[in-house]
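Dumped final_29.tsv below, it's TSV, C-alpha atoms and all ligand atoms:
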chain	number	residue	atom	x	y	z
A	202	MET	CA	92.13	129.70	92.00
A	203	ILE	CA	91.60	126.92	94.53
A	204	ARG	CA	93.68	126.00	97.56
A	205	PHE	CA	96.22	123.25	97.07
A	206	GLU	CA	94.56	121.06	99.72
A	207	GLU	CA	91.27	121.30	97.81
A	208	ALA	CA	93.02	120.20	94.62
A	209	ILE	CA	94.43	117.15	96.39
A	210	GLU	CA	91.02	116.31	97.87
A	211	ILE	CA	89.43	116.43	94.40
A	212	ILE	CA	92.11	114.10	93.07
A	213	VAL	CA	91.97	111.50	95.82
A	214	THR	CA	88.19	111.28	95.81
A	215	SER	CA	87.92	110.80	92.04
A	216	GLU	CA	85.49	108.07	90.95
A	217	PHE	CA	87.07	105.10	89.32
A	218	ASN	CA	86.42	101.57	88.25
A	219	ALA	CA	89.52	99.43	87.79
A	220	SER	CA	89.31	96.30	85.68
A	221	THR	CA	91.40	93.26	86.50
A	222	GLU	CA	93.46	90.57	84.83
A	223	ARG	CA	95.52	87.54	85.86
A	224	ILE	CA	99.22	87.73	85.11
A	225	ASN	CA	102.26	85.65	85.88
A	226	PHE	CA	103.64	86.66	89.29
A	227	THR	CA	107.12	87.23	87.82
A	228	GLN	CA	105.62	90.11	85.83
A	229	SER	CA	103.78	91.65	88.77
A	230	LEU	CA	106.31	94.19	90.09
A	231	ASN	CA	104.57	97.55	90.70
A	232	ARG	CA	101.12	96.11	89.96
A	233	ILE	CA	98.24	96.36	92.43
A	234	LEU	CA	96.78	93.14	93.85
A	235	ALA	CA	93.07	92.74	93.20
A	236	GLU	CA	92.61	89.75	95.54
A	237	ASP	CA	93.81	88.58	98.92
A	238	ILE	CA	96.63	86.05	98.76
A	239	ILE	CA	95.81	83.18	101.11
A	240	SER	CA	98.43	80.73	102.24
A	241	ASP	CA	97.72	77.12	101.31
A	242	ILE	CA	100.64	75.87	103.40
A	243	GLU	CA	102.28	76.47	106.76
A	244	MET	CA	105.68	78.17	106.85
A	245	PRO	CA	107.89	76.59	107.82
A	246	PRO	CA	106.06	73.47	106.64
A	247	PHE	CA	107.84	71.31	109.28
A	248	ASP	CA	109.96	71.90	112.40
A	249	LYS	CA	113.13	73.08	110.73
A	250	SER	CA	116.68	73.39	111.93
A	251	ALA	CA	117.80	77.04	111.97
A	252	VAL	CA	121.49	76.09	112.05
A	253	ASP	CA	124.02	73.49	110.93
A	254	GLY	CA	124.63	71.22	113.91
A	255	TYR	CA	123.42	68.22	115.90
A	256	ALA	CA	119.75	67.56	116.69
A	257	CYS	CA	119.34	66.01	120.14
A	258	ARG	CA	117.32	66.00	123.39
A	259	LYS	CA	117.95	69.04	125.54
A	260	GLU	CA	118.22	66.93	128.66
A	261	ASP	CA	121.22	65.09	127.14
A	262	ILE	CA	123.37	68.05	126.19
A	263	LEU	CA	125.86	67.59	129.00
A	264	ASN	CA	126.58	64.01	127.92
A	265	VAL	CA	128.66	62.58	125.08
A	266	LEU	CA	126.27	62.03	122.15
A	267	GLU	CA	126.31	59.35	119.52
A	268	VAL	CA	125.72	60.56	115.93
A	269	ILE	CA	123.18	58.18	114.33
A	270	GLU	CA	122.63	59.79	110.88
A	271	THR	CA	123.18	62.89	108.74
A	272	ILE	CA	120.15	64.89	107.57
A	273	PRO	CA	120.74	67.24	104.64
A	274	ALA	CA	118.14	69.93	103.73
A	275	GLY	CA	115.44	68.38	101.57
A	276	LYS	CA	115.71	64.93	103.15
A	277	VAL	CA	113.24	63.31	105.55
A	278	PRO	CA	115.00	62.01	108.71
A	279	GLY	CA	115.13	58.22	108.87
A	280	LYS	CA	115.75	57.75	112.57
A	281	SER	CA	114.31	59.16	115.75
A	282	ILE	CA	116.54	60.42	118.50
A	283	GLY	CA	116.84	58.37	121.68
A	284	VAL	CA	118.74	58.89	124.94
A	285	ASN	CA	122.25	60.34	124.35
A	286	GLN	CA	121.81	60.23	120.58
A	287	CYS	CA	121.92	62.95	117.97
A	288	SER	CA	121.72	63.39	114.20
A	289	LYS	CA	124.00	65.68	112.25
A	290	ILE	CA	121.62	68.19	110.64
A	291	MET	CA	121.93	70.97	108.06
A	292	THR	CA	120.16	74.34	108.10
A	293	GLY	CA	116.66	74.00	106.66
A	294	ALA	CA	116.41	70.23	107.22
A	295	PRO	CA	113.48	68.71	109.19
A	296	VAL	CA	114.27	68.09	112.86
A	297	PRO	CA	114.04	64.35	113.58
A	298	GLU	CA	111.49	62.90	115.95
A	299	GLY	CA	112.60	62.84	119.57
A	300	ALA	CA	114.88	65.91	119.22
A	301	ASP	CA	113.91	69.24	120.76
A	302	THR	CA	117.20	71.08	120.36
A	303	VAL	CA	119.92	71.61	117.79
A	304	ILE	CA	123.49	72.19	118.99
A	305	MET	CA	125.25	74.56	116.60
A	306	VAL	CA	128.24	72.98	114.89
A	307	GLU	CA	130.34	75.84	116.28
A	308	ASP	CA	129.36	74.79	119.82
A	309	ALA	CA	130.20	71.08	119.36
A	310	GLU	CA	133.39	69.09	119.44
A	311	GLU	CA	133.96	65.76	117.73
A	312	ILE	CA	135.62	63.46	120.24
A	313	GLY	CA	135.94	60.27	118.26
A	314	LEU	CA	134.12	58.36	115.56
A	315	ASN	CA	130.44	59.45	115.63
A	316	LYS	CA	130.86	60.98	119.06
A	317	VAL	CA	130.28	64.66	119.86
A	318	ARG	CA	130.16	66.84	122.92
A	319	PHE	CA	128.52	70.22	123.60
A	320	THR	CA	131.14	72.81	124.55
A	321	LYS	CA	129.03	75.70	125.91
A	322	GLU	CA	126.87	76.18	129.03
A	323	LYS	CA	123.68	77.59	127.55
A	324	ILE	CA	121.69	76.45	124.57
A	325	ARG	CA	118.70	77.70	122.55
A	326	SER	CA	116.45	75.31	120.68
A	327	ASN	CA	117.65	76.55	117.24
A	328	ILE	CA	114.44	75.20	115.74
A	329	CYS	CA	111.96	77.17	113.60
A	330	TYR	CA	108.63	75.55	114.47
A	331	ARG	CA	106.07	74.50	111.92
A	332	GLY	CA	103.67	77.36	111.05
A	333	GLU	CA	105.59	79.88	113.16
A	334	ASP	CA	105.90	82.37	110.27
A	335	ILE	CA	102.70	81.64	108.36
A	336	ARG	CA	99.62	79.62	109.33
A	337	SER	CA	97.65	78.00	106.57
A	338	GLY	CA	94.53	79.99	105.60
A	339	ILE	CA	95.78	83.41	106.67
A	340	VAL	CA	95.88	86.42	104.34
A	341	MET	CA	99.56	86.87	103.53
A	342	ILE	CA	99.10	90.01	101.45
A	343	GLY	CA	95.87	91.86	100.98
A	344	LYS	CA	93.92	93.19	98.04
A	345	GLY	CA	95.16	96.69	97.16
A	346	THR	CA	98.83	95.93	97.88
A	347	LEU	CA	101.40	97.58	95.61
A	348	ILE	CA	103.58	94.61	94.66
A	349	GLN	CA	107.25	95.11	95.52
A	350	PRO	CA	110.09	92.53	95.39
A	351	GLN	CA	109.35	91.31	98.92
A	352	HIS	CA	105.72	90.65	97.92
A	353	ILE	CA	106.94	88.60	94.97
A	354	ALA	CA	108.69	86.31	97.48
A	355	VAL	CA	105.37	85.92	99.29
A	356	LEU	CA	103.52	85.16	96.04
A	357	ALA	CA	106.11	82.51	95.26
A	358	THR	CA	105.82	81.01	98.76
A	359	ALA	CA	102.03	80.88	98.57
A	360	GLY	CA	102.16	79.31	95.13
A	361	ALA	CA	100.15	82.27	93.78
A	362	VAL	CA	101.72	82.06	90.35
A	363	ASN	CA	98.86	83.86	88.56
A	364	PRO	CA	97.67	86.61	90.91
A	365	LEU	CA	94.69	88.79	90.02
A	366	VAL	CA	95.87	92.39	89.56
A	367	ASN	CA	94.30	95.62	88.39
A	368	LYS	CA	95.00	96.47	84.77
A	369	LYS	CA	97.79	98.94	84.20
A	370	VAL	CA	96.60	102.52	83.87
A	371	LYS	CA	97.29	103.78	80.36
A	372	VAL	CA	98.61	107.32	80.27
A	373	ILE	CA	98.75	109.27	77.01
A	374	ILE	CA	101.22	112.16	76.95
A	375	ILE	CA	101.05	115.18	74.67
A	376	SER	CA	103.49	118.09	74.60
A	377	THR	CA	102.32	121.43	73.28
A	378	GLY	CA	104.38	124.30	71.94
A	379	ASP	CA	105.54	125.65	68.57
A	380	GLU	CA	108.98	126.14	70.08
A	381	LEU	CA	109.57	122.45	70.82
A	382	VAL	CA	111.86	120.10	68.97
A	383	GLU	CA	112.57	116.50	69.85
A	384	PRO	CA	115.74	115.69	71.85
A	385	ASP	CA	117.61	114.22	68.88
A	386	ARG	CA	117.51	117.60	67.15
A	387	LYS	CA	119.62	120.66	67.87
A	388	PRO	CA	117.34	123.60	68.70
A	389	VAL	CA	117.81	126.71	66.56
A	390	HIS	CA	116.81	130.33	67.23
A	391	SER	CA	113.72	130.31	69.42
A	392	GLN	CA	113.43	126.56	69.82
A	393	ILE	CA	113.96	124.36	72.89
A	394	ARG	CA	114.08	120.61	73.30
A	395	ASN	CA	111.03	118.74	74.50
A	396	SER	CA	111.98	117.34	77.89
A	397	ASN	CA	108.61	117.12	79.62
A	398	ALA	CA	107.16	114.29	77.58
A	399	TYR	CA	110.05	112.00	78.41
A	400	GLN	CA	110.21	113.02	82.05
A	401	LEU	CA	106.49	112.36	82.49
A	402	ALA	CA	106.69	109.01	80.69
A	403	ALA	CA	109.50	107.97	83.03
A	404	GLN	CA	107.54	109.15	86.08
A	405	CYS	CA	104.60	107.02	84.90
A	406	GLU	CA	106.71	103.98	84.25
A	407	ARG	CA	108.52	104.25	87.57
A	408	MET	CA	105.17	103.88	89.35
A	409	GLY	CA	103.97	101.01	87.18
A	410	ALA	CA	101.67	102.88	84.77
A	411	TYR	CA	101.87	102.38	81.04
A	412	ALA	CA	102.86	105.58	79.23
A	413	GLU	CA	102.58	106.45	75.57
A	414	TYR	CA	103.86	109.73	74.23
A	415	ILE	CA	102.01	110.67	71.05
A	416	GLY	CA	103.82	113.82	69.95
A	417	ILE	CA	103.88	117.59	69.97
A	418	ALA	CA	100.72	119.63	69.39
A	419	LEU	CA	101.29	123.01	67.79
A	420	ASP	CA	99.91	126.10	69.48
A	421	THR	CA	96.71	126.09	67.42
A	422	GLU	CA	93.27	125.02	68.53
A	423	ASP	CA	93.07	122.61	65.66
A	424	SER	CA	96.32	120.83	66.45
A	425	VAL	CA	95.51	120.55	70.17
A	426	ARG	CA	92.02	119.25	69.32
A	427	LYS	CA	93.37	116.60	66.92
A	428	MET	CA	95.89	115.30	69.43
A	429	LEU	CA	93.31	115.22	72.21
A	430	ASN	CA	90.79	113.33	70.09
A	431	HIS	CA	93.45	110.76	69.36
A	432	ALA	CA	94.31	110.53	73.08
A	433	PHE	CA	90.64	110.09	74.06
A	434	GLU	CA	90.48	106.96	71.93
A	435	CYS	CA	92.81	104.98	74.16
A	436	GLY	CA	93.93	106.74	77.37
A	437	ASP	CA	92.72	106.33	80.94
A	438	VAL	CA	94.70	109.43	81.86
A	439	ILE	CA	95.80	112.15	79.46
A	440	LEU	CA	98.67	114.46	80.33
A	441	LEU	CA	99.26	117.61	78.32
A	442	THR	CA	102.10	119.95	79.08
A	443	GLY	CA	102.26	123.59	78.16
A	444	GLY	CA	99.59	125.85	76.72
A	445	VAL	CA	97.73	126.20	80.01
A	446	SER	CA	98.69	129.75	81.00
A	447	MET	CA	97.22	133.10	79.98
A	448	GLY	CA	99.19	133.56	76.73
A	449	ASP	CA	97.53	134.35	73.39
A	450	PHE	CA	98.29	130.83	72.18
A	451	ASP	CA	97.40	128.86	75.29
A	452	PHE	CA	94.42	126.99	73.88
A	453	VAL	CA	94.38	123.93	76.09
A	454	PRO	CA	91.64	125.02	78.55
A	455	LYS	CA	89.33	126.20	75.75
A	456	VAL	CA	89.73	123.04	73.67
A	457	LEU	CA	89.27	120.77	76.69
A	458	SER	CA	85.95	122.46	77.50
A	459	GLU	CA	84.81	122.24	73.87
A	460	LEU	CA	85.55	118.53	73.83
A	461	GLY	CA	83.27	117.93	76.80
A	462	VAL	CA	85.86	117.75	79.56
A	463	GLU	CA	84.37	118.80	82.88
A	464	ILE	CA	87.05	121.05	84.35
A	465	LYS	CA	87.41	120.43	88.10
A	466	PHE	CA	90.06	123.10	88.61
A	467	LYS	CA	92.35	125.19	86.47
A	468	SER	CA	94.43	127.24	88.84
A	469	ILE	CA	95.90	126.26	92.21
A	470	ALA	CA	97.46	128.43	94.92
A	471	VAL	CA	100.75	126.58	94.67
A	472	GLN	CA	104.22	127.39	93.50
A	473	PRO	CA	105.44	125.96	91.15
A	474	GLY	CA	102.46	124.80	89.15
A	475	ARG	CA	99.74	127.42	89.51
A	476	PRO	CA	98.17	126.92	86.06
A	477	THR	CA	97.47	123.21	86.52
A	478	ILE	CA	94.22	121.96	85.00
A	479	PHE	CA	92.35	118.84	86.00
A	480	GLY	CA	89.24	117.60	84.26
A	481	VAL	CA	87.11	114.51	83.78
A	482	ARG	CA	85.39	113.16	80.68
A	483	ALA	CA	83.35	109.96	81.13
A	484	ASN	CA	85.88	107.65	82.82
A	485	GLN	CA	88.95	109.50	81.58
A	486	PHE	CA	91.06	111.94	83.56
A	487	ILE	CA	92.87	114.85	81.96
A	488	PHE	CA	95.67	117.00	83.33
A	489	GLY	CA	96.95	120.16	81.69
A	490	LEU	CA	100.33	120.63	83.32
A	491	PRO	CA	102.42	123.79	83.09
A	492	GLY	CA	105.11	123.74	80.39
A	493	ASN	CA	107.98	124.42	82.71
A	494	PRO	CA	109.69	121.13	83.50
A	495	VAL	CA	110.07	121.68	87.26
A	496	SER	CA	106.37	122.52	87.53
A	497	SER	CA	105.29	119.51	85.54
A	498	PHE	CA	107.62	117.23	87.53
A	499	VAL	CA	106.37	118.52	90.87
A	500	GLN	CA	102.67	118.50	89.93
A	501	PHE	CA	103.02	114.98	88.60
A	502	GLU	CA	104.35	113.91	92.01
A	503	MET	CA	101.73	115.83	93.98
A	504	LEU	CA	98.60	115.32	91.85
A	505	VAL	CA	99.02	112.96	88.89
A	506	LYS	CA	100.69	110.16	90.84
A	507	PRO	CA	97.98	110.03	93.55
A	508	LEU	CA	95.32	110.03	90.81
A	509	ILE	CA	96.97	107.20	88.88
A	510	TYR	CA	97.41	105.18	92.06
A	511	ARG	CA	93.79	105.81	93.03
A	512	ILE	CA	92.43	104.57	89.72
A	513	SER	CA	94.86	101.63	89.93
A	514	GLY	CA	93.10	100.61	93.15
A	515	TYR	CA	96.02	101.48	95.44
A	516	ASN	CA	95.53	103.54	98.56
A	517	TYR	CA	98.69	105.61	98.17
A	518	GLN	CA	100.23	107.16	101.27
A	519	PRO	CA	103.26	109.25	100.30
A	520	VAL	CA	106.28	108.72	102.52
A	521	ASN	CA	107.14	111.83	104.54
A	522	ILE	CA	110.16	112.06	106.80
A	523	VAL	CA	110.48	114.75	109.43
A	524	LEU	CA	113.93	116.37	109.36
A	525	PRO	CA	115.49	119.62	110.59
A	526	MET	CA	116.27	122.38	108.12
A	527	GLY	CA	120.01	122.62	107.50
A	528	ILE	CA	119.86	126.32	106.62
A	529	GLU	CA	117.42	129.19	106.97
A	530	TYR	CA	114.96	129.69	104.12
A	531	ASN	CA	113.16	132.92	103.23
A	532	ARG	CA	110.69	133.94	100.57
A	533	LYS	CA	109.11	137.30	99.76
A	534	ARG	CA	105.55	136.35	98.96
A	535	SER	CA	103.43	133.86	100.84
A	536	ASP	CA	100.09	133.86	99.04
A	537	ARG	CA	100.67	130.34	97.68
A	538	ILE	CA	101.96	127.08	99.15
A	539	SER	CA	105.55	126.63	98.06
A	540	LEU	CA	106.77	123.18	97.12
A	541	LEU	CA	110.51	123.33	97.55
A	542	PRO	CA	112.87	120.70	96.22
A	543	VAL	CA	115.34	119.72	98.97
A	544	ARG	CA	118.44	117.65	99.25
A	545	ILE	CA	119.13	115.62	102.40
A	546	ASN	CA	122.74	115.93	103.56
A	547	LEU	CA	124.76	113.29	105.42
A	548	GLN	CA	123.75	114.86	108.75
A	549	GLY	CA	120.10	114.20	107.91
A	550	GLU	CA	119.22	117.86	107.34
A	551	ALA	CA	117.00	119.23	104.60
A	552	LEU	CA	118.65	121.79	102.33
A	553	PRO	CA	116.49	123.67	99.81
A	554	ILE	CA	118.02	123.45	96.38
A	555	GLU	CA	118.85	126.73	94.79
A	556	TYR	CA	116.93	127.07	91.64
A	557	HIS	CA	116.29	130.02	89.41
A	558	GLY	CA	112.74	129.15	88.57
A	559	SER	CA	110.53	126.45	87.27
A	560	ALA	CA	112.47	126.06	84.01
A	561	HIS	CA	115.64	125.09	85.87
A	562	ILE	CA	115.24	121.35	85.49
A	563	ASN	CA	118.78	120.30	86.33
A	564	ALA	CA	118.23	121.65	89.87
A	565	MET	CA	115.76	118.78	90.35
A	566	THR	CA	118.42	116.20	89.65
A	567	GLU	CA	119.89	116.81	93.12
A	568	ALA	CA	116.56	116.71	94.97
A	569	HIS	CA	115.62	113.89	97.33
A	570	GLY	CA	112.24	115.30	98.23
A	571	LEU	CA	109.85	118.23	98.45
A	572	ILE	CA	108.87	120.31	101.45
A	573	GLN	CA	105.78	122.47	101.72
A	574	VAL	CA	105.93	126.04	102.95
A	575	PRO	CA	102.36	126.93	103.96
A	576	VAL	CA	100.41	129.98	102.77
A	577	GLY	CA	101.19	132.95	105.05
A	578	GLN	CA	104.64	131.70	106.02
A	579	THR	CA	107.71	133.45	104.63
A	580	SER	CA	110.55	131.70	106.40
A	581	LEU	CA	111.82	128.45	107.83
A	582	LYS	CA	114.48	128.65	110.52
A	583	LYS	CA	117.63	126.55	110.59
A	584	GLY	CA	116.84	123.52	112.77
A	585	GLU	CA	113.08	123.87	112.32
A	586	LEU	CA	111.45	120.49	111.64
A	587	VAL	CA	110.00	120.04	108.18
A	588	SER	CA	108.23	117.16	106.52
A	589	VAL	CA	110.14	115.93	103.48
A	590	ARG	CA	108.06	114.08	100.92
A	591	GLN	CA	110.07	111.56	98.98
A	592	ILE	CA	110.11	111.92	95.21
B	601	LIG	P1	103.75	127.18	78.54
B	601	LIG	O1	103.12	126.50	79.74
B	601	LIG	O2	103.33	126.57	77.24
B	601	LIG	O3	103.53	128.64	78.58
B	601	LIG	O4	105.30	126.93	78.66
B	601	LIG	C1	106.02	127.46	79.74
B	601	LIG	C2	107.51	127.27	79.51
B	601	LIG	O5	107.81	125.89	79.47
B	601	LIG	C3	108.00	127.84	78.20
B	601	LIG	O6	109.26	128.42	78.42
B	601	LIG	C4	108.11	126.64	77.32
B	601	LIG	O7	109.04	126.80	76.28
B	601	LIG	C5	108.51	125.55	78.29
B	601	LIG	N1	108.05	124.25	77.81
B	601	LIG	C6	106.83	123.98	77.35
B	601	LIG	N2	106.71	122.70	76.99
B	601	LIG	C7	107.92	122.13	77.24
B	601	LIG	C8	108.43	120.82	77.07
B	601	LIG	N3	107.67	119.84	76.58
B	601	LIG	N4	109.70	120.59	77.42
B	601	LIG	C9	110.47	121.57	77.92
B	601	LIG	N5	110.05	122.82	78.12
B	601	LIG	C10	108.77	123.13	77.77
B	602	MG	MG	103.48	126.90	75.26
Could you take the file, read its structure, and then write that structure out as C-alpha cells?
Ligand code: AMP
Ligand code: MG
Amino acid sequence: MIRFEEAIEIIVTSEFNASTERINFTQSLNRILAEDIISDIEMPPFDKSAVDGYACRKEDILNVLEVIETIPAGKVPGKSIGVNQCSKIMTGAPVPEGADTVIMVEDAEEIGLNKVRFTKEKIRSNICYRGEDIRSGIVMIGKGTLIQPQHIAVLATAGAVNPLVNKKVKVIIISTGDELVEPDRKPVHSQIRNSNAYQLAAQCERMGAYAEYIGIALDTEDSVRKMLNHAFECGDVILLTGGVSMGDFDFVPKVLSELGVEIKFKSIAVQPGRPTIFGVRANQFIFGLPGNPVSSFVQFEMLVKPLIYRISGYNYQPVNIVLPMGIEYNRKRSDRISLLPVRINLQGEALPIEYHGSAHINAMTEAHGLIQVPVGQTSLKKGELVSVRQI
C-alpha cells in the first residue's frame, strides 16, 4: 500500500506525448491549446468612444457646441473637430480627429438645432485608446491553455479560426461484474444496475476527453482478458471498474500483469478507493477502479482526471477553496487519508455529507467538493478551516 501523495506524484509525472491537430475554433471548448495565440491586430483597433454622446475638445466643454456630424459604430468620421464643435457619436465608433473627450449623452442638453451644452462639472475622456487592451504581437493566450468560453472570444478576436490543439484523449471504459445489468433492465435477485460506466463516461466528457464504454466483462479471467485486448487496440486510457479487491473472482490485477501492464501501484492508503490500480503499457495508461460508485467517482476526480489532463498537455491545478467546517466531524480510524464529500451551505461553511459507505452514490449528488482528512487525524472541529476541492 502506498501513501496517497505518492500515488498523485506517480500520476502527475507520467510520461506522455500528445499529438496535435487543427480544428475550427467553434469546436474548441475544453480542448488544450498546442500553440501560442498571437494578436495580429490592436484592440481596440482605433480610439473608440466608450459611450453614446458628443465627441469634442476638452477645453471647449464649458461652451455651447455645434454638432457637425453623426458617427454611428462602424463608420469612419468624415469631419475633424474644431473650436466649439462636436460630433454626435455612438458607443464603439471611432473618435474623430481633433476630439479628446466624449460627453455622455446623459450629461448633455440640446439647446437648439445642432447645439448642445455640457451639464456637469467634471468630465472623463470616455475614450478607449487604440491598443489599450491588446497590443499587436503579444501572446493573448498561451500554449497549454484549457479553452473555456472566454478563450473562444479571444480566438475570435485574434482571427485564430483554426487553432492548433492537442488531440482528445480517448478513454475506453469497461465494467466488470457478473452481478451487473445495464440501466434499461430491471435487476433481479442478486443483480444491480451498472452505474459506474456511465458516471465515468460523463466525468470524461465533462473534462473534454472522448469516452467509449465497451461493455461488461464477466468475472472470469478470459472475459476480462478479451475486453482488455479490445481496449488496448484503441484507448489512450483504459478504465476498468470492479474486480480489483481481494475476492475470489477479482481477476483484474492478475490479467493486467499477464498482458504486460507495468503496475505502478495497486493499493493506496485512502478512503474511499483503497484498491485502486494504476499501470502503464507502452503509451497507454490503465486504471482499475474500485467497483463501488462513490470510490470510482472520487478516484476519477483525484487520480484519473489529473492523468488525463497531463497527457492532454494541460497543467491542471485543481481549485481549492478554504472554508470553515459547519459542524464537527469525527472518525474512528485514521490510518488512511479520508476524502470526504462536502456540501457548502449558504453561510459558506463545509458540511460533510452523511453517507453510509462507498456504495451510497446518491449521497454524492449533493456534494460540491471533497475535503481531505490527513492520516493520523480523527476529527475536525466546527469552525476549523478546511480546503475544499471542487468536483
Ligand atoms: P468489486 O470492486 O467488483 O468488488 O465491487 C464492489 C462493489 O461495487 C460491489 O457491491 C459491486 O456490486 C459494486 N459494483 C461493481 N461494479 C459496479 C458498477 N459498474 N456499477 C455499480 N456498482 C458496481
Ligand atoms: Mg466485482
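For ligand LIG 601 (chain B), the neighbouring protein, DNA and RNA residues, which are those within 6 Å when all atoms listed in the file are counted, are Ser376, Thr377, Gly378, Arg394, Asn395, Ser396, Asn397, Ala398, Thr442, Gly443, Gly444, Val445, Ser446, Pro491, Gly492, Asn493 and Pro494 of chain A.
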Got time to write the residues from that selection, C-alpha atoms, as a PDB file, in the coordinates of the input?
ATOM      1  CA  SER A 376     103.490 118.090  74.600  1.00  0.00           C
ATOM      2  CA  THR A 377     102.320 121.430  73.280  1.00  0.00           C
ATOM      3  CA  GLY A 378     104.380 124.300  71.940  1.00  0.00           C
ATOM      4  CA  ARG A 394     114.080 120.610  73.300  1.00  0.00           C
ATOM      5  CA  ASN A 395     111.030 118.740  74.500  1.00  0.00           C
ATOM      6  CA  SER A 396     111.980 117.340  77.890  1.00  0.00           C
ATOM      7  CA  ASN A 397     108.610 117.120  79.620  1.00  0.00           C
ATOM      8  CA  ALA A 398     107.160 114.290  77.580  1.00  0.00           C
ATOM      9  CA  THR A 442     102.100 119.950  79.080  1.00  0.00           C
ATOM     10  CA  GLY A 443     102.260 123.590  78.160  1.00  0.00           C
ATOM     11  CA  GLY A 444      99.590 125.850  76.720  1.00  0.00           C
ATOM     12  CA  VAL A 445      97.730 126.200  80.010  1.00  0.00           C
ATOM     13  CA  SER A 446      98.690 129.750  81.000  1.00  0.00           C
ATOM     14  CA  PRO A 491     102.420 123.790  83.090  1.00  0.00           C
ATOM     15  CA  GLY A 492     105.110 123.740  80.390  1.00  0.00           C
ATOM     16  CA  ASN A 493     107.980 124.420  82.710  1.00  0.00           C
ATOM     17  CA  PRO A 494     109.690 121.130  83.500  1.00  0.00           C
TER      18      PRO A 494
END
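Nearest residue to Ile211 (chain A), choosing from A:Leu508, A:Ala564, A:Leu490, A:Ile290 and counting all atoms listed in the file: A:Leu508.
Of the listed residues A:Ala359, A:Lys321, A:Pro350, A:Glu310, the one whose atoms come nearest to Asp241 (chain A) is A:Ala359, with distances taken using all atoms listed in the file.
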### Message
Which residues are near Ile233 (chain A)? Cut-off 9 Å, only C-alpha atoms, ignore same chain within fewer than 4 positions. Put them as a ChimeraX atom specification.
### Response
/A:229,344-348,365-369,510,513-515
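Every protein, DNA or RNA residue with an atom at most 6 Å from Arg331 (chain A), where only C-alpha atoms count and chain neighbours fewer than 3 positions away do not, is listed here: Pro245, Pro246, Phe247 and Asp248 of chain A.
Nearest-residue note for Tyr414 (chain A): choosing from A:Leu381, A:Ile374, A:Leu266, A:Met202, the minimum distance belongs to A:Ile374, counting all atoms listed in the file.
You will find CA of Leu419 (chain A) at 22.2 Å from CA of Arg475 (chain A).
Of the residues under consideration (A:Ser468, A:Leu314, A:Lys249, A:Tyr330), A:Lys249 shows the shortest atom-to-atom contact distance to Thr292 (chain A) when counting only C-alpha atoms.
For Lys323 (chain A), the list of residues within 12 Å, based on all atoms listed in the file and with local chain neighbours fewer than 6 positions off taken out, reads Lys259, Ile262, Leu263, Thr302, Ile304, Met305 and Asp308 of chain A.
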With C-alpha atoms kept, could you save the residues just selected as a PDB file, in the coordinates of the input?
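Saved the output as part-v8.pdb:
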ATOM      1  CA  LYS A 259     117.950  69.040 125.540  1.00  0.00           C
ATOM      2  CA  ILE A 262     123.370  68.050 126.190  1.00  0.00           C
ATOM      3  CA  LEU A 263     125.860  67.590 129.000  1.00  0.00           C
ATOM      4  CA  THR A 302     117.200  71.080 120.360  1.00  0.00           C
ATOM      5  CA  ILE A 304     123.490  72.190 118.990  1.00  0.00           C
ATOM      6  CA  MET A 305     125.250  74.560 116.600  1.00  0.00           C
ATOM      7  CA  ASP A 308     129.360  74.790 119.820  1.00  0.00           C
TER       8      ASP A 308
END
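Relative to CA of Leu547 (chain A), CA of Gly570 (chain A) is found at 14.6 Å.
Across A:Ser281, A:Ser535, A:Asn363, A:Ser496, the tightest approach to Glu298 (chain A) is made by A:Ser281 when counting all atoms listed in the file.
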### Shell around Ile203 (chain A) at 10 Å using all atoms listed in the file, local window under 6 positions removed, as number ranges by chain
A: 466-471, 475
Dump C-alpha atoms for the selected residues as an mmCIF file, in the coordinates of the input?
data_model
loop_
_atom_site.group_PDB
_atom_site.id
_atom_site.type_symbol
_atom_site.label_atom_id
_atom_site.label_comp_id
_atom_site.auth_asym_id
_atom_site.auth_seq_id
_atom_site.Cartn_x
_atom_site.Cartn_y
_atom_site.Cartn_z
ATOM 1 C CA PHE A 466 90.060 123.100 88.610
ATOM 2 C CA LYS A 467 92.350 125.190 86.470
ATOM 3 C CA SER A 468 94.430 127.240 88.840
ATOM 4 C CA ILE A 469 95.900 126.260 92.210
ATOM 5 C CA ALA A 470 97.460 128.430 94.920
ATOM 6 C CA VAL A 471 100.750 126.580 94.670
ATOM 7 C CA ARG A 475 99.740 127.420 89.510
#
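The coordinates place CA of Met565 (chain A) at 19.7 Å from CA of Glu529 (chain A).
Minimum atom-to-atom distances from A:Gly313, A:Gly489, A:Gly299, A:Gly448 to ligand MG 602 (chain B) were compared using all atoms listed in the file, and the lowest value belongs to A:Gly448.
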Would you give the centre and edge lengths, in Å to one decimal, of a box along x, y and z around the listed atoms of region 506-525 of chain A, with 3 Å added to each side, as AutoDock Vina command-line options?
--center_x 104.0 --center_y 110.1 --center_z 99.7 --size_x 29.1 --size_y 25.0 --size_z 27.7
Find the residues of region 289-384 of chain A that sit at most 7 Å from region 429-441 of chain A; for each, write down the nearest two atoms and how far apart they are in Å, to one decimal. Count only C-alpha atoms. Sort by chain, then by number going up, and give it as a Markdown table.
| residue | atom | partner | partner_atom | distance |
| --- | --- | --- | --- | --- |
| A:Val370 | CA | A:Asp437 | CA | 6.2 |
| A:Lys371 | CA | A:Asp437 | CA | 5.3 |
| A:Val372 | CA | A:Val438 | CA | 4.7 |
| A:Ile373 | CA | A:Ile439 | CA | 4.8 |
| A:Ile374 | CA | A:Leu440 | CA | 4.8 |
| A:Ile375 | CA | A:Leu441 | CA | 4.7 |
| A:Ser376 | CA | A:Leu441 | CA | 5.7 |
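Every polymer residue reaching to within 7 Å of (115.4, 64.9, 122.7), counting only C-alpha atoms, appears in this list: Cys257, Arg258, Lys259, Glu260, Ile282, Gly283, Gly299, Ala300, Asp301 and Thr302 of chain A.
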